[in-house]
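Colleague: This is start06.pdb (PDB, C-alpha atoms).
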```pdb
ATOM      1  CA  MET G   1      67.235  93.060 108.427
ATOM      2  CA  GLY G   2      67.186  92.905 104.666
ATOM      3  CA  PHE G   3      65.503  93.909 101.470
ATOM      4  CA  GLN G   4      62.421  92.293  99.961
ATOM      5  CA  VAL G   5      62.208  92.720  96.203
ATOM      6  CA  SER G   6      58.947  92.093  94.338
ATOM      7  CA  GLN G   7      57.393  93.006  91.021
ATOM      8  CA  ASN G   8      54.150  94.942  90.692
ATOM      9  CA  GLY G   9      53.521  94.969  86.975
ATOM     10  CA  ASP G  10      56.485  96.784  85.526
ATOM     11  CA  VAL G  11      57.399  98.398  88.829
ATOM     12  CA  THR G  12      60.096  96.935  91.063
ATOM     13  CA  LEU G  13      59.193  97.324  94.732
ATOM     14  CA  VAL G  14      61.983  97.113  97.292
ATOM     15  CA  GLU G  15      60.965  97.017 100.944
ATOM     16  CA  VAL G  16      63.652  97.932 103.461
ATOM     17  CA  GLU G  17      63.387  95.922 106.652
ATOM     18  CA  GLY G  18      65.405  97.166 109.591
ATOM     19  CA  GLN G  19      67.988  99.835 108.893
ATOM     20  CA  LEU G  20      69.508 101.370 105.789
ATOM     21  CA  ILE G  21      72.970 102.286 106.959
ATOM     22  CA  VAL G  22      76.623 102.115 106.075
ATOM     23  CA  GLY G  23      76.796  98.389 106.812
ATOM     24  CA  ASN G  24      74.102  97.269 104.339
ATOM     25  CA  ARG G  25      73.828 100.054 101.752
ATOM     26  CA  GLN G  26      75.879  98.093  99.213
ATOM     27  CA  GLU G  27      73.427  95.211  99.400
ATOM     28  CA  LEU G  28      70.555  97.504  98.455
ATOM     29  CA  LYS G  29      72.607  99.116  95.710
ATOM     30  CA  GLN G  30      73.547  95.758  94.241
ATOM     31  CA  GLN G  31      69.972  94.480  94.258
ATOM     32  CA  VAL G  32      68.569  97.568  92.559
ATOM     33  CA  LEU G  33      71.370  97.760  89.998
ATOM     34  CA  GLU G  34      70.818  94.109  89.081
ATOM     35  CA  GLN G  35      67.176  94.906  88.369
ATOM     36  CA  LEU G  36      68.180  98.008  86.435
ATOM     37  CA  ASP G  37      70.670  96.032  84.365
ATOM     38  CA  GLY G  38      67.879  93.553  83.678
ATOM     39  CA  GLY G  39      65.803  96.298  82.083
ATOM     40  CA  ASP G  40      63.638  97.491  84.955
ATOM     41  CA  LYS G  41      63.152 101.252  84.963
ATOM     42  CA  LYS G  42      60.460 101.949  87.552
ATOM     43  CA  PHE G  43      61.405 101.529  91.188
ATOM     44  CA  VAL G  44      59.684 102.116  94.499
ATOM     45  CA  ILE G  45      61.660 101.790  97.719
ATOM     46  CA  ASP G  46      59.316 101.424 100.677
ATOM     47  CA  PHE G  47      60.271 102.251 104.259
ATOM     48  CA  SER G  48      57.219 100.948 106.131
ATOM     49  CA  HIS G  49      59.438  98.622 108.161
ATOM     50  CA  THR G  50      62.546 100.783 108.419
ATOM     51  CA  GLY G  51      63.951 101.881 111.748
ATOM     52  CA  TYR G  52      66.431 104.506 110.671
ATOM     53  CA  ILE G  53      68.627 105.698 107.830
ATOM     54  CA  ASP G  54      72.077 107.220 108.113
ATOM     55  CA  SER G  55      73.935 109.480 105.694
ATOM     56  CA  SER G  56      75.338 106.486 103.823
ATOM     57  CA  GLY G  57      71.816 105.190 103.336
ATOM     58  CA  LEU G  58      70.682 108.578 102.087
ATOM     59  CA  GLY G  59      73.713 108.668  99.812
ATOM     60  CA  VAL G  60      72.950 105.334  98.199
ATOM     61  CA  LEU G  61      69.410 106.497  97.454
ATOM     62  CA  VAL G  62      70.792 109.592  95.746
ATOM     63  CA  SER G  63      73.236 107.464  93.780
ATOM     64  CA  LEU G  64      70.563 104.964  92.723
ATOM     65  CA  SER G  65      68.151 107.701  91.718
ATOM     66  CA  LYS G  66      70.794 109.224  89.466
ATOM     67  CA  LYS G  67      71.634 105.887  87.827
ATOM     68  CA  ILE G  68      67.958 105.069  87.285
ATOM     69  CA  ARG G  69      67.289 108.480  85.747
ATOM     70  CA  GLU G  70      70.263 108.003  83.447
ATOM     71  CA  GLN G  71      68.529 104.881  82.142
ATOM     72  CA  GLY G  72      65.310 106.798  81.583
ATOM     73  CA  GLY G  73      63.631 105.494  84.711
ATOM     74  CA  GLU G  74      62.408 106.842  88.030
ATOM     75  CA  LEU G  75      62.870 106.019  91.699
ATOM     76  CA  ARG G  76      60.074 106.836  94.116
ATOM     77  CA  LEU G  77      60.160 106.526  97.898
ATOM     78  CA  SER G  78      57.235 105.639 100.127
ATOM     79  CA  SER G  79      56.100 105.262 103.722
ATOM     80  CA  LEU G  80      58.682 107.385 105.481
ATOM     81  CA  ASN G  81      57.788 107.770 109.118
ATOM     82  CA  GLU G  82      57.970 111.197 110.739
ATOM     83  CA  ASP G  83      61.608 110.830 111.793
ATOM     84  CA  LEU G  84      62.767 109.587 108.414
ATOM     85  CA  ARG G  85      60.841 112.300 106.608
ATOM     86  CA  THR G  86      62.496 114.882 108.831
ATOM     87  CA  LEU G  87      65.927 113.509 107.886
ATOM     88  CA  PHE G  88      65.029 114.026 104.237
ATOM     89  CA  GLU G  89      63.804 117.536 104.970
ATOM     90  CA  LEU G  90      66.916 118.456 106.974
ATOM     91  CA  THR G  91      69.154 117.331 104.140
ATOM     92  CA  LYS G  92      66.766 118.808 101.539
ATOM     93  CA  LEU G  93      66.647 115.445  99.819
ATOM     94  CA  ASP G  94      62.869 115.675  99.910
ATOM     95  CA  THR G  95      63.317 117.993  96.925
ATOM     96  CA  LEU G  96      65.139 115.317  94.912
ATOM     97  CA  PHE G  97      62.665 112.482  95.306
ATOM     98  CA  ARG G  98      58.997 111.896  94.776
ATOM     99  CA  ILE G  99      57.896 110.729  98.225
ATOM    100  CA  THR G 100      54.462 109.268  98.908
ATOM    101  CA  ASP G 101      52.723 108.315 102.125
ATOM    102  CA  THR G 102      52.099 104.714 101.055
ATOM    103  CA  LYS G 103      53.573 102.266  98.585
ATOM    104  CA  GLU G 104      50.165 102.024  96.933
ATOM    105  CA  GLN G 105      50.291 105.750  96.193
ATOM    106  CA  ALA G 106      53.787 105.351  94.778
ATOM    107  CA  LEU G 107      52.647 102.509  92.531
ATOM    108  CA  GLU G 108      49.558 104.346  91.317
ATOM    109  CA  GLY G 109      49.992 105.809  87.891
ATOM    110  CA  PHE G 110      53.644 104.858  87.680
TER     111      PHE G 110
ATOM    112  CA  MET W   1      83.081  93.907 119.316
ATOM    113  CA  GLU W   2      86.040  93.629 121.669
ATOM    114  CA  ASP W   3      87.422  94.948 124.924
ATOM    115  CA  THR W   4      84.131  95.999 126.399
ATOM    116  CA  HIS W   5      84.019  97.038 130.005
ATOM    117  CA  THR W   6      81.888  99.192 132.204
ATOM    118  CA  LEU W   7      83.429 102.231 133.894
ATOM    119  CA  ASN W   8      80.579 103.278 136.128
ATOM    120  CA  ASP W   9      76.896 102.619 136.153
ATOM    121  CA  GLY W  10      75.788 104.085 132.843
ATOM    122  CA  ASP W  11      79.266 104.749 131.441
ATOM    123  CA  LEU W  12      80.701 102.585 128.725
ATOM    124  CA  VAL W  13      83.888 102.082 126.719
ATOM    125  CA  LEU W  14      84.139 100.085 123.494
ATOM    126  CA  GLU W  15      87.142  99.378 121.297
ATOM    127  CA  LEU W  16      86.087  98.439 117.772
ATOM    128  CA  PRO W  17      87.950  97.243 114.704
ATOM    129  CA  SER W  18      87.559  99.403 111.602
ATOM    130  CA  ASP W  19      84.843  97.198 110.171
ATOM    131  CA  ILE W  20      81.633  98.912 109.123
ATOM    132  CA  ARG W  21      79.736  95.673 109.722
ATOM    133  CA  SER W  22      80.371  96.172 113.423
ATOM    134  CA  ILE W  23      78.674  99.566 113.546
ATOM    135  CA  GLU W  24      75.075  98.443 113.797
ATOM    136  CA  HIS W  25      75.807  95.951 116.572
ATOM    137  CA  ALA W  26      77.917  98.470 118.469
ATOM    138  CA  VAL W  27      75.259 101.175 118.212
ATOM    139  CA  ASP W  28      72.528  98.731 119.266
ATOM    140  CA  PHE W  29      74.644  97.724 122.260
ATOM    141  CA  VAL W  30      75.172 101.347 123.286
ATOM    142  CA  MET W  31      71.493 102.148 122.786
ATOM    143  CA  ARG W  32      70.427  99.284 125.027
ATOM    144  CA  ARG W  33      72.725 100.573 127.746
ATOM    145  CA  CYS W  34      71.514 104.136 127.274
ATOM    146  CA  HIS W  35      67.890 103.101 127.607
ATOM    147  CA  ARG W  36      68.710 101.541 130.954
ATOM    148  CA  CYS W  37      70.175 104.841 132.152
ATOM    149  CA  CYS W  38      67.955 107.369 130.465
ATOM    150  CA  GLU W  39      64.630 105.609 129.972
ATOM    151  CA  ALA W  40      62.986 105.654 126.596
ATOM    152  CA  ALA W  41      63.201 108.894 124.678
ATOM    153  CA  GLN W  42      62.522 109.436 121.025
ATOM    154  CA  ARG W  43      65.456 111.819 120.672
ATOM    155  CA  LEU W  44      67.633 109.025 121.936
ATOM    156  CA  ASN W  45      66.210 106.596 119.407
ATOM    157  CA  LEU W  46      66.776 108.776 116.379
ATOM    158  CA  ASN W  47      69.117 111.677 117.128
ATOM    159  CA  PHE W  48      71.658 109.851 119.241
ATOM    160  CA  ARG W  49      71.457 106.614 117.274
ATOM    161  CA  VAL W  50      72.015 108.292 113.911
ATOM    162  CA  GLY W  51      74.622 110.694 115.306
ATOM    163  CA  LEU W  52      76.642 107.867 116.825
ATOM    164  CA  THR W  53      76.343 105.836 113.623
ATOM    165  CA  GLU W  54      77.710 108.797 111.649
ATOM    166  CA  ALA W  55      80.594 109.284 114.047
ATOM    167  CA  LEU W  56      81.571 105.620 113.813
ATOM    168  CA  SER W  57      81.246 105.604 110.029
ATOM    169  CA  ASN W  58      83.461 108.657 109.692
ATOM    170  CA  ALA W  59      86.020 107.201 112.080
ATOM    171  CA  MET W  60      86.249 103.881 110.224
ATOM    172  CA  LEU W  61      85.868 105.043 106.619
ATOM    173  CA  TYR W  62      87.766 108.320 106.653
ATOM    174  CA  GLY W  63      89.712 108.493 109.913
ATOM    175  CA  ASN W  64      91.140 104.979 109.808
ATOM    176  CA  SER W  65      90.772 104.652 106.017
ATOM    177  CA  HIS W  66      89.202 101.176 106.293
ATOM    178  CA  ASP W  67      92.440  99.867 107.830
ATOM    179  CA  PRO W  68      91.296  96.844 109.867
ATOM    180  CA  SER W  69      94.377  97.051 112.058
ATOM    181  CA  LYS W  70      93.300 100.470 113.314
ATOM    182  CA  ARG W  71      90.803 100.775 116.118
ATOM    183  CA  VAL W  72      87.958 103.088 117.018
ATOM    184  CA  ARG W  73      87.376 103.911 120.661
ATOM    185  CA  VAL W  74      83.886 104.816 121.852
ATOM    186  CA  GLU W  75      83.255 106.290 125.276
ATOM    187  CA  VAL W  76      79.696 106.944 126.391
ATOM    188  CA  ALA W  77      78.719 108.649 129.615
ATOM    189  CA  PHE W  78      75.516 109.974 131.122
ATOM    190  CA  GLN W  79      76.226 113.203 132.972
ATOM    191  CA  ARG W  80      73.727 115.576 134.553
ATOM    192  CA  GLY W  81      70.887 114.938 132.163
ATOM    193  CA  SER W  82      73.083 114.768 129.074
ATOM    194  CA  LEU W  83      74.393 111.873 127.084
ATOM    195  CA  HIS W  84      78.014 112.235 125.944
ATOM    196  CA  ALA W  85      79.691 110.079 123.315
ATOM    197  CA  ARG W  86      83.348 110.480 122.394
ATOM    198  CA  VAL W  87      84.587 108.648 119.296
ATOM    199  CA  THR W  88      88.318 108.502 118.594
ATOM    200  CA  ASP W  89      90.043 107.024 115.565
ATOM    201  CA  GLN W  90      93.726 106.417 114.855
ATOM    202  CA  GLY W  91      93.882 108.501 111.707
ATOM    203  CA  GLN W  92      95.562 111.792 110.937
ATOM    204  CA  GLY W  93      92.445 113.800 111.663
ATOM    205  CA  PHE W  94      90.694 116.381 109.514
ATOM    206  CA  ASP W  95      89.545 119.978 109.616
ATOM    207  CA  PRO W  96      85.787 119.945 110.288
ATOM    208  CA  THR W  97      85.501 123.582 109.234
ATOM    209  CA  GLN W  98      86.404 122.608 105.673
ATOM    210  CA  VAL W  99      83.508 120.220 105.134
ATOM    211  CA  PRO W 100      81.109 121.697 102.550
ATOM    212  CA  ASP W 101      77.402 122.192 103.167
ATOM    213  CA  PRO W 102      75.613 119.220 101.569
ATOM    214  CA  THR W 103      72.331 121.113 101.277
ATOM    215  CA  VAL W 104      73.475 123.797  98.822
ATOM    216  CA  PRO W 105      72.274 123.168  95.261
ATOM    217  CA  GLU W 106      75.681 122.210  93.859
ATOM    218  CA  ASN W 107      76.115 119.496  96.515
ATOM    219  CA  LEU W 108      72.561 118.246  96.841
ATOM    220  CA  ALA W 109      72.858 115.469  94.262
ATOM    221  CA  LYS W 110      76.179 114.191  95.595
ATOM    222  CA  ALA W 111      76.099 110.775  97.187
ATOM    223  CA  GLY W 112      78.342 111.648 100.123
ATOM    224  CA  GLY W 113      79.092 114.443 102.535
ATOM    225  CA  ARG W 114      76.066 114.404 104.853
ATOM    226  CA  GLY W 115      77.519 112.672 107.901
ATOM    227  CA  LEU W 116      78.914 115.658 109.760
ATOM    228  CA  PHE W 117      75.912 117.754 108.737
ATOM    229  CA  LEU W 118      73.532 115.222 110.276
ATOM    230  CA  MET W 119      75.591 115.023 113.458
ATOM    231  CA  ARG W 120      75.403 118.793 113.831
ATOM    232  CA  GLU W 121      71.688 118.854 113.100
ATOM    233  CA  LEU W 122      70.760 115.993 115.391
ATOM    234  CA  LEU W 123      72.988 116.545 118.429
ATOM    235  CA  ASP W 124      72.970 119.491 120.807
ATOM    236  CA  GLU W 125      76.767 119.782 120.732
ATOM    237  CA  VAL W 126      79.376 118.429 118.323
ATOM    238  CA  SER W 127      83.026 119.237 118.977
ATOM    239  CA  PHE W 128      86.394 118.001 117.748
ATOM    240  CA  ASN W 129      89.825 117.844 119.278
ATOM    241  CA  ASP W 130      92.590 119.928 117.693
ATOM    242  CA  ARG W 131      93.924 117.016 115.662
ATOM    243  CA  GLY W 132      90.490 116.248 114.283
ATOM    244  CA  ASN W 133      90.515 112.534 115.046
ATOM    245  CA  GLN W 134      88.124 112.711 117.984
ATOM    246  CA  VAL W 135      84.536 113.908 118.009
ATOM    247  CA  THR W 136      82.382 114.447 121.062
ATOM    248  CA  LEU W 137      78.619 114.334 120.755
ATOM    249  CA  VAL W 138      76.268 115.668 123.403
ATOM    250  CA  LEU W 139      72.530 115.058 123.556
ATOM    251  CA  ARG W 140      70.646 116.863 126.296
ATOM    252  CA  LEU W 141      67.765 114.791 127.565
ATOM    253  CA  ASP W 142      66.411 117.142 130.188
ATOM    254  CA  SER W 143      65.880 120.263 128.082
ATOM    255  CA  GLY W 144      62.356 121.428 127.383
ATOM    256  CA  GLY W 145      60.570 119.175 124.961
ATOM    257  CA  GLY W 146      63.630 117.104 124.429
ATOM    258  CA  LEU W 147      62.175 113.920 125.776
ATOM    259  CA  GLU W 148      59.150 113.871 123.552
ATOM    260  CA  GLY W 149      60.140 114.272 119.944
ATOM    261  CA  GLY W 150      62.898 113.252 117.606
ATOM    262  CA  ILE W 151      65.168 115.825 115.901
ATOM    263  CA  GLN W 152      64.710 119.276 117.561
ATOM    264  CA  ALA W 153      68.477 119.735 118.001
TER     265      ALA W 153
END
```
Take the structure in this file and express it as structure tokens.
Modeller:
Amino acid sequence: MGFQVSQNGDVTLVEVEGQLIVGNRQELKQQVLEQLDGGDKKFVIDFSHTGYIDSSGLGVLVSLSKKIREQGGELRLSSLNEDLRTLFELTKLDTLFRITDTKEQALEGF
Amino acid sequence: MEDTHTLNDGDLVLELPSDIRSIEHAVDFVMRRCHRCCEAAQRLNLNFRVGLTEALSNAMLYGNSHDPSKRVRVEVAFQRGSLHARVTDQGQGFDPTQVPDPTVPENLAKAGGRGLFLMRELLDEVSFNDRGNQVTLVLRLDSGGGLEGGIQA
């Protein structure tokens, strides 16, 4: 379980491996904020290898999206499986984020 | 994880410290036991897993206020086609009727406040004791369609 951070041009790609839950949300937040402080403004968080997300995980995504927008940037989400997408729909967070089927789609035209 | 013992075949009691790092391991442990009793079911994998994670988070973060000396008790039982989980903290309790709806526009961009909402959406029954320091989650596994898909609660 962890987060893989890579650069694709000027886009920071973070891949969530395992779970995004109360026990590791701060690790994700810290990694993204370090990139943001370093000047990065375009972020994609990919969930291809994510088992599940809890409300704390959803909350940290909301918090990060707000901080990135405040710096003039954007956070996109990609590769949510059917269960994860349904969690976003239940909580109506699908209306707050740009969500794409693949990370390639998220990176395109960013 | 401490003080683990089996009550009956399929029933389980855990006593956890108020340490959020223990949640994932505790939930994984419970899920492995549940799969032995209930066989694989997608509603178990998502609905019960996330619901139990939320209950433990609430108990540790809000009920016990991160106090590592306070414990969280988890009791899981499989009864007549339903999975029951009771989570009890040592806090003062809260009024679950006073928790705002996180999906209304004024709350949508808030970072917190979705735990109880998700529990209610994902589980078939969510109930609290009068004090508000104990939540009981019920997931029915034998209702129509319940074995095949996640969510649906």
Colleague: At most 6 Å is the cut-off: for each residue in chain G with any atom that close to an atom of chain W, write down the nearest atom pair and the distance in Å rounded to one decimal, counting all atoms listed in the file, chain first then increasing number, as JSON lines.
Modeller:
```
{"residue": "G:Gly23", "atom": "CA", "partner": "W:Arg21", "partner_atom": "CA", "distance": 4.9}
{"residue": "G:Asp54", "atom": "CA", "partner": "W:Val50", "partner_atom": "CA", "distance": 5.9}
{"residue": "G:Ser55", "atom": "CA", "partner": "W:Gly115", "partner_atom": "CA", "distance": 5.3}
{"residue": "G:Gly59", "atom": "CA", "partner": "W:Ala111", "partner_atom": "CA", "distance": 4.1}
{"residue": "G:Val62", "atom": "CA", "partner": "W:Ala111", "partner_atom": "CA", "distance": 5.6}
{"residue": "G:Ser63", "atom": "CA", "partner": "W:Ala111", "partner_atom": "CA", "distance": 5.5}
{"residue": "G:Thr91", "atom": "CA", "partner": "W:Thr103", "partner_atom": "CA", "distance": 5.7}
```
Colleague: Include C-alpha atoms and write out the residues we just selected as a compact mmCIF listing (two decimals), in the frame of the given file.
Modeller:
```txt
# COMPACT_ATOMS: atom_id res chain seq x y z
CA GLY G 23 76.80 98.39 106.81
CA ASP G 54 72.08 107.22 108.11
CA SER G 55 73.94 109.48 105.69
CA GLY G 59 73.71 108.67 99.81
CA VAL G 62 70.79 109.59 95.75
CA SER G 63 73.24 107.46 93.78
CA THR G 91 69.15 117.33 104.14
```
Colleague: Would you mind telling me which residue in W:Leu83, W:Ala59, W:Cys34, W:Leu16 lies nearest to W:Gln134 when using all atoms listed in the file?
Modeller: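 That would be W:Ala59, the residue with the smallest distance to W:Gln134.
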Colleague: Which one is closest to W:His35: W:Phe78, W:Met60, W:Asn133, W:Glu15? Count only C-alpha atoms.
Modeller: W:Phe78
Colleague: Provide the atom CA of G:Val60 to atom CA of G:Gly109 distance in Å, to one decimal place.
Modeller: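 Atom CA of G:Gly109 lies at a distance of 25.2 Å from atom CA of G:Val60.
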Colleague: Please evaluate the PyMOL selection byres ((chain G and resi 92-105) around 10) against the structure above and give the resulting residues as a ChimeraX atom specification.
Modeller: /G:13-15,44-48,58-59,61-62,65-66,74-81,85-91,106-110 /W:102-105,108-109
Colleague: List the residues selected by the PyMOL selection byres ((chain W and resi 77) around 9) in the file shown, writing them as a list in words.
Modeller: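 Applying the PyMOL selection byres ((chain W and resi 77) around 9) to the structure shown produces Asn8, Gly10, Asp11, Leu12, Val13, Cys34, Glu75, Val76, Phe78, Gln79, Ser82, Leu83, His84, Ala85 and Arg86 of chain W.
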Colleague: In Å, with one decimal, what is the gap from atom CA of W:Pro17 to atom CA of W:Lys70?
Modeller: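 Interatomic distance, atom CA of W:Pro17 to atom CA of W:Lys70: 6.4 Å.
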